[in-house]
$ cat run.txt   # compact mmCIF, C-alpha atoms
# COMPACT_ATOMS: atom_id res chain seq x y z
CA MET A 47 5.22 -14.88 38.23
CA GLN A 48 2.16 -14.52 35.99
CA THR A 49 3.33 -11.06 34.96
CA TRP A 50 6.73 -12.37 33.83
CA VAL A 51 5.13 -15.20 31.88
CA SER A 52 2.81 -12.72 30.17
CA LEU A 53 5.76 -10.43 29.40
CA LEU A 54 7.78 -13.27 27.87
CA THR A 55 4.80 -14.55 25.86
CA LEU A 56 3.96 -11.11 24.51
CA THR A 57 7.61 -10.36 23.68
CA LEU A 58 7.92 -13.56 21.65
CA MET A 59 4.60 -12.84 19.95
CA GLU A 60 5.70 -9.30 19.05
CA ILE A 61 8.94 -10.63 17.56
CA VAL A 62 7.07 -13.18 15.45
CA LEU A 63 4.49 -10.63 14.31
CA GLY A 64 7.28 -8.13 13.67
CA ILE A 65 9.15 -10.37 11.22
CA ASP A 66 7.01 -9.21 8.30
CA ASN A 67 7.65 -5.60 9.34
CA ILE A 68 11.43 -6.15 9.38
CA ILE A 69 11.30 -7.82 5.97
CA PHE A 70 9.30 -4.97 4.46
CA ILE A 71 11.60 -2.33 5.95
CA SER A 72 14.74 -4.24 4.86
CA ILE A 73 13.56 -4.52 1.26
CA THR A 74 12.27 -0.93 1.11
CA VAL A 75 15.38 0.76 2.54
CA ASN A 76 17.52 -1.18 0.06
CA ARG A 77 16.55 1.53 -2.45
CA LEU A 78 18.35 4.11 -0.33
CA ALA A 79 22.00 5.00 -0.71
CA PRO A 80 24.17 2.54 1.29
CA SER A 81 25.14 5.30 3.75
CA GLU A 82 21.45 5.89 4.62
CA GLN A 83 20.18 2.31 4.84
CA THR A 84 21.03 1.75 8.51
CA ARG A 85 19.47 5.11 9.37
CA GLY A 86 16.34 4.23 7.40
CA ARG A 87 15.94 0.86 9.15
CA THR A 88 16.44 2.43 12.57
CA ILE A 89 13.93 5.22 11.91
CA GLY A 90 11.43 2.69 10.54
CA LEU A 91 11.61 0.42 13.58
CA LEU A 92 11.53 3.34 16.02
CA LEU A 93 8.41 4.65 14.28
CA ALA A 94 6.86 1.19 14.64
CA LEU A 95 7.68 1.31 18.36
CA LEU A 96 6.10 4.75 18.76
CA PHE A 97 2.97 3.71 16.85
CA ARG A 98 2.52 0.58 18.98
CA ILE A 99 3.00 2.43 22.26
CA GLY A 100 0.61 5.13 21.07
CA LEU A 101 -2.00 2.55 20.16
CA LEU A 102 -1.58 0.80 23.50
CA MET A 103 -2.29 4.10 25.23
CA SER A 104 -5.49 4.36 23.19
CA ILE A 105 -6.99 0.92 23.77
CA SER A 106 -10.52 2.28 24.16
CA TRP A 107 -10.20 3.94 20.75
CA ILE A 108 -8.90 0.69 19.23
CA VAL A 109 -11.87 -1.22 20.61
CA SER A 110 -14.23 1.39 19.17
CA LEU A 111 -12.74 0.79 15.70
CA ARG A 112 -14.46 -2.59 15.70
CA SER A 113 -17.86 -0.88 15.62
CA ALA A 114 -19.50 -0.69 12.19
CA LEU A 115 -19.34 2.70 10.48
CA PHE A 116 -21.71 1.74 7.67
CA THR A 117 -23.30 -1.35 6.17
CA ILE A 118 -22.86 -2.90 2.72
CA ASN A 119 -25.52 -5.19 1.27
CA ILE A 120 -24.41 -6.96 -1.93
CA PRO A 121 -26.11 -10.38 -1.99
CA PRO A 122 -24.89 -13.06 -2.01
CA ILE A 123 -21.30 -11.81 -1.52
CA LEU A 124 -21.77 -9.34 1.31
CA GLU A 125 -25.14 -9.37 3.01
CA ASN A 126 -25.60 -6.73 5.71
CA PHE A 127 -21.82 -6.45 6.03
CA GLY A 128 -20.83 -3.91 8.67
CA VAL A 129 -17.67 -2.04 7.70
CA SER A 130 -15.63 -0.81 10.66
CA GLY A 131 -12.60 1.45 10.93
CA ARG A 132 -10.49 -1.65 11.58
CA ASP A 133 -11.71 -3.20 8.33
CA LEU A 134 -10.78 -0.09 6.33
CA ILE A 135 -7.28 0.08 7.86
CA LEU A 136 -6.60 -3.62 7.24
CA LEU A 137 -7.98 -3.44 3.69
CA ALA A 138 -5.91 -0.38 2.76
CA GLY A 139 -2.79 -1.84 4.36
CA GLY A 140 -3.24 -5.24 2.74
CA LEU A 141 -3.73 -3.76 -0.74
CA PHE A 142 -0.73 -1.46 -0.29
CA LEU A 143 1.44 -4.39 0.82
CA ILE A 144 0.36 -6.50 -2.16
CA TYR A 145 0.96 -3.62 -4.58
CA LYS A 146 4.36 -2.77 -3.11
CA SER A 147 5.55 -6.40 -3.09
CA ILE A 148 4.39 -7.08 -6.66
CA THR A 149 6.09 -3.86 -7.81
CA GLU A 150 9.34 -4.97 -6.16
CA ILE A 151 9.11 -8.40 -7.82
CA HIS A 152 8.47 -6.78 -11.21
CA THR A 153 11.44 -4.44 -10.72
CA LYS A 154 13.71 -7.32 -9.81
CA LEU A 155 12.58 -9.49 -12.74
CA GLN A 156 13.07 -6.61 -15.17
CA GLY A 157 16.56 -5.94 -13.83
CA GLU A 158 15.71 -2.30 -13.06
CA GLU A 159 17.09 -2.63 -9.55
CA GLU A 160 20.57 -3.42 -10.84
CA GLU A 161 20.32 -0.62 -13.40
CA GLU A 162 19.40 1.89 -10.69
CA THR A 163 22.32 0.72 -8.58
CA THR A 164 24.68 1.15 -11.54
CA ASN A 165 23.39 4.65 -12.29
CA LYS A 166 23.56 5.65 -8.60
CA ALA A 167 19.86 6.52 -8.66
CA HIS A 168 18.69 6.11 -5.08
CA ALA A 169 15.34 6.86 -3.51
CA LYS A 170 14.98 9.75 -1.08
CA LEU A 171 14.88 8.97 2.62
CA GLY A 172 11.63 10.92 3.10
CA ALA A 173 9.78 8.88 0.45
CA ILE A 174 10.98 5.60 1.96
CA ILE A 175 10.04 6.69 5.50
CA LEU A 176 6.55 7.61 4.25
CA GLN A 177 6.06 4.07 2.87
CA ILE A 178 7.36 2.61 6.15
CA ILE A 179 4.92 4.78 8.14
CA VAL A 180 1.95 3.50 6.11
CA ILE A 181 2.80 -0.16 6.65
CA ASP A 182 3.92 0.43 10.28
CA ILE A 183 0.42 1.69 11.10
CA VAL A 184 -1.15 -1.48 9.70
CA PHE A 185 1.31 -3.91 11.29
CA SER A 186 1.19 -2.08 14.62
CA PHE A 187 -2.61 -2.06 14.56
CA ASP A 188 -2.78 -5.80 13.85
CA SER A 189 -0.14 -6.57 16.48
CA ILE A 190 -1.81 -4.52 19.21
CA LEU A 191 -5.21 -6.08 18.54
CA THR A 192 -3.62 -9.49 19.16
CA ALA A 193 -1.88 -8.28 22.32
CA VAL A 194 -5.08 -6.77 23.73
CA GLY A 195 -6.73 -10.17 23.41
CA LEU A 196 -4.00 -11.83 25.48
CA VAL A 197 -3.18 -9.43 28.33
CA ASP A 198 -5.12 -6.72 30.14
CA ASN A 199 -2.16 -4.91 31.73
CA VAL A 200 -1.09 -2.03 29.47
CA LEU A 201 2.29 -1.64 31.19
CA VAL A 202 3.13 -5.28 30.45
CA MET A 203 2.16 -4.75 26.80
CA ILE A 204 4.37 -1.66 26.54
CA ALA A 205 7.31 -3.46 28.18
CA ALA A 206 6.90 -6.40 25.78
CA VAL A 207 6.79 -4.08 22.75
CA ILE A 208 9.96 -2.27 23.89
CA CYS A 209 11.82 -5.56 24.54
CA ALA A 210 10.77 -7.03 21.19
CA MET A 211 11.70 -3.86 19.30
CA GLY A 212 15.09 -3.76 20.99
CA ILE A 213 15.80 -7.31 19.81
CA MET A 214 14.57 -6.51 16.29
CA LEU A 215 16.76 -3.38 16.16
CA ALA A 216 19.78 -5.44 17.16
CA PHE A 217 19.24 -8.03 14.41
CA SER A 218 17.57 -5.93 11.69
CA GLY A 219 20.89 -5.19 9.97
CA THR A 220 21.83 -8.87 9.84
CA VAL A 221 18.40 -9.84 8.49
CA ALA A 222 18.51 -7.05 5.88
CA ASP A 223 21.99 -7.99 4.68
CA PHE A 224 21.03 -11.66 4.41
CA VAL A 225 17.81 -10.94 2.49
CA ASN A 226 19.38 -8.46 0.08
CA ARG A 227 22.51 -10.57 -0.46
CA ASN A 228 20.53 -13.63 -1.56
CA PRO A 229 18.13 -12.99 -4.50
CA THR A 230 16.12 -16.18 -3.93
CA ILE A 231 15.58 -15.32 -0.24
CA LYS A 232 14.51 -11.81 -1.22
CA MET A 233 11.99 -13.23 -3.70
CA LEU A 234 10.69 -15.60 -1.02
CA ALA A 235 10.38 -12.67 1.40
CA LEU A 236 8.39 -10.67 -1.16
CA LEU A 237 6.02 -13.61 -1.70
CA PHE A 238 5.66 -13.82 2.07
CA LEU A 239 4.64 -10.15 2.15
CA ILE A 240 2.08 -10.76 -0.62
CA ALA A 241 0.62 -13.61 1.46
CA ILE A 242 0.46 -11.29 4.50
CA GLY A 243 -1.30 -8.69 2.34
CA PHE A 244 -3.92 -11.19 1.21
CA MET A 245 -4.40 -12.27 4.82
CA LEU A 246 -5.03 -8.65 5.86
CA VAL A 247 -7.56 -8.23 3.03
CA LEU A 248 -9.36 -11.41 4.12
CA GLU A 249 -9.45 -10.19 7.71
CA ALA A 250 -10.91 -6.91 6.46
CA VAL A 251 -13.89 -8.84 5.04
CA HIS A 252 -14.19 -10.86 8.27
CA LYS A 253 -12.61 -14.04 6.92
CA GLU A 254 -10.32 -15.02 9.76
CA VAL A 255 -7.12 -16.80 8.76
CA GLU A 256 -5.02 -18.75 11.24
CA LYS A 257 -1.66 -16.96 11.17
CA GLY A 258 0.13 -20.05 12.45
CA TYR A 259 -0.50 -21.92 9.19
CA LEU A 260 0.96 -19.07 7.14
CA TYR A 261 4.06 -18.67 9.31
CA PHE A 262 4.62 -22.43 9.31
CA ALA A 263 4.37 -22.59 5.51
CA MET A 264 6.84 -19.73 5.11
CA ALA A 265 9.23 -21.23 7.68
CA PHE A 266 9.12 -24.53 5.79
CA ALA A 267 9.77 -22.76 2.47
CA LEU A 268 12.70 -20.88 4.07
CA ILE A 269 14.24 -24.11 5.37
CA VAL A 270 13.94 -25.70 1.91
CA GLU A 271 15.59 -22.67 0.29
CA LEU A 272 18.42 -22.64 2.85
CA LEU A 273 19.09 -26.30 2.07
CA ASN A 274 19.07 -25.49 -1.66
CA MET A 275 21.53 -22.65 -1.09
CA ARG A 276 23.83 -24.98 0.82
CA LEU A 277 23.57 -27.57 -1.96
CA ARG A 278 24.37 -24.95 -4.62
CA ARG A 279 27.44 -23.80 -2.72
CA LYS A 280 28.70 -27.37 -2.42
CA SER A 281 28.09 -28.05 -6.12
CA LYS A 282 30.16 -24.99 -7.08
CA LYS A 283 33.13 -26.40 -5.23
CA GLY A 284 32.97 -29.48 -7.44
CA PRO A 285 33.11 -33.15 -6.45
CA VAL A 286 35.53 -34.11 -3.74
CA GLN A 287 38.52 -36.02 -5.12
CA LEU A 288 39.33 -39.14 -3.12
CA ARG A 289 42.93 -40.19 -2.86
CA ASP A 290 43.88 -43.82 -3.35
CA SER A 291 46.16 -44.91 -0.50
CA ARG A 292 47.78 -47.56 -2.74
CA TYR A 293 49.73 -44.81 -4.56
CA ASP A 294 50.96 -42.98 -1.44

$ encode --input "run.txt" --output "structure tokens"
Amino acid sequence: MQTWVSLLTLTLMEIVLGIDNIIFISITVNRLAPSEQTRGRTIGLLLALLFRIGLLMSISWIVSLRSALFTINIPPILENFGVSGRDLILLAGGLFLIYKSITEIHTKLQGEEEEETTNKAHAKLGAIILQIIVIDIVFSFDSILTAVGLVDNVLVMIAAVICAMGIMLAFSGTVADFVNRNPTIKMLALLFLIAIGFMLVLEAVHKEVEKGYLYFAMAFALIVELLNMRLRRKSKKGPVQLRDSRYD
């Protein structure tokens, strides 16, 4: 019974932690030609699955990444700060995520995305997959570190990762279509990725951030935006005309 509870808990956790990965992949593959977008999403999520399983099979190596490689002493900011392999991975991934998200926002605000679509200028699948690989490594690393702290059974972790990835594969197309079809949701998703990037940078300098607060804030912002979208749709239909029964 304990094994099944652990499996369910880890699967739900992997889905929650994988939301940012799905959002990043959905926005990134949108630069591909329409015929290649589904293929790009599938390859991206399968790579994430392979990375996570590979990391789970190398738990001892993951634990060793917490050991300091060298020390930085910059008083009063960083005094005797031990930099580990984990810190370098999280820092690089966080900065890349911030850069990529800000670039996407700039492109959207400048209208270059629409211009590229009009001119049929699409990114190459290889370049997009390379970006997905970079961020998959970071997200997989962060996810596995959380899983290792919850369960000791590697087989349960692998089963949870496979179950969660199967669910994400099934719904990734729906999520991608919804995000890319609604500009305000896409902008909110990009801001969410920037927040995740800052969180990774803070974790790299040993400033732990409670992920629950961030996910709650983004969920609240999403609910507000969904209500605004519903209100905008109703306002476009115009006011409802009431009939007076006295004239029937």

$ closest_residue --input "run.txt" --among "A:Glu256, A:Asp133, A:Asp223, A:Glu150" --to "Arg87 in chain A" --atoms "all atoms listed in the file"
A:Asp223

$ closest_residue --input "run.txt" --among "A:Val251, A:Ile240, A:Leu63, A:Ile71" --to "Gln177 in chain A" --atoms "only C-alpha atoms"
A:Ile71

$ atom_distance --input "run.txt" --atom1 "CA of Leu268 in chain A" --atom2 "CA of Ile181 in chain A"
23.1 Å

$ atom_distance --input "run.txt" --atom1 "CA of Arg132 in chain A" --atom2 "CA of His252 in chain A"
10.5 Å

$ closest_residue --input "run.txt" --among "A:Ile204, A:Ile89, A:Met245, A:Ala267" --to "Ser52 in chain A" --atoms "all atoms listed in the file"
A:Ile204

$ residues_around --input "run.txt" --residues "Ile144 in chain A" --least-positions-apart "4" --cutoff "9 Å" --atoms "all atoms listed in the file" --output "list in words"
Gly139, Gly140, Ile148, Thr149, Leu239, Ile240, Ala241, Ile242, Gly243 and Phe244 of chain A

$ write_last_selection --input "run.txt" --atoms "C-alpha atoms" --output "PDB file, in the frame of the given file"
ATOM      1  CA  GLY A 139      -2.790  -1.840   4.360  1.00  0.00           C
ATOM      2  CA  GLY A 140      -3.240  -5.240   2.740  1.00  0.00           C
ATOM      3  CA  ILE A 148       4.390  -7.080  -6.660  1.00  0.00           C
ATOM      4  CA  THR A 149       6.090  -3.860  -7.810  1.00  0.00           C
ATOM      5  CA  LEU A 239       4.640 -10.150   2.150  1.00  0.00           C
ATOM      6  CA  ILE A 240       2.080 -10.760  -0.620  1.00  0.00           C
ATOM      7  CA  ALA A 241       0.620 -13.610   1.460  1.00  0.00           C
ATOM      8  CA  ILE A 242       0.460 -11.290   4.500  1.00  0.00           C
ATOM      9  CA  GLY A 243      -1.300  -8.690   2.340  1.00  0.00           C
ATOM     10  CA  PHE A 244      -3.920 -11.190   1.210  1.00  0.00           C
TER      11      PHE A 244
END

$ closest_residue --input "run.txt" --among "A:Ala210, A:Ile183, A:Ala250, A:Leu95" --to "Leu54 in chain A" --atoms "only C-alpha atoms"
A:Ala210

$ atom_distance --input "run.txt" --atom1 "CA of Arg98 in chain A" --atom2 "CA of Gly128 in chain A"
25.9 Å

$ closest_residue --input "run.txt" --among "A:Asp66, A:Glu82, A:Glu254, A:Glu271" --to "Val184 in chain A" --atoms "only C-alpha atoms"
A:Asp66

$ closest_residue --input "run.txt" --among "A:Leu102, A:Leu137, A:Ile69, A:Val51" --to "Val221 in chain A" --atoms "only C-alpha atoms"
A:Ile69

$ residues_near_point --input "run.txt" --point "(25.2, 0.3, 1.5)" --cutoff "12 Å" --atoms "all atoms listed in the file" --output "short mmCIF file (atom, residue, chain, number, x, y, z; two decimals) with C-alpha atoms, keeping the file's coordinate frame"
data_model
loop_
_atom_site.label_atom_id
_atom_site.label_comp_id
_atom_site.auth_asym_id
_atom_site.auth_seq_id
_atom_site.Cartn_x
_atom_site.Cartn_y
_atom_site.Cartn_z
CA SER A 72 14.74 -4.24 4.86
CA VAL A 75 15.38 0.76 2.54
CA ASN A 76 17.52 -1.18 0.06
CA ARG A 77 16.55 1.53 -2.45
CA LEU A 78 18.35 4.11 -0.33
CA ALA A 79 22.00 5.00 -0.71
CA PRO A 80 24.17 2.54 1.29
CA SER A 81 25.14 5.30 3.75
CA GLU A 82 21.45 5.89 4.62
CA GLN A 83 20.18 2.31 4.84
CA THR A 84 21.03 1.75 8.51
CA ARG A 85 19.47 5.11 9.37
CA GLY A 86 16.34 4.23 7.40
CA THR A 163 22.32 0.72 -8.58
CA LYS A 166 23.56 5.65 -8.60
CA HIS A 168 18.69 6.11 -5.08
CA GLY A 219 20.89 -5.19 9.97
CA ALA A 222 18.51 -7.05 5.88
CA ASP A 223 21.99 -7.99 4.68
CA ASN A 226 19.38 -8.46 0.08
CA ARG A 227 22.51 -10.57 -0.46
#
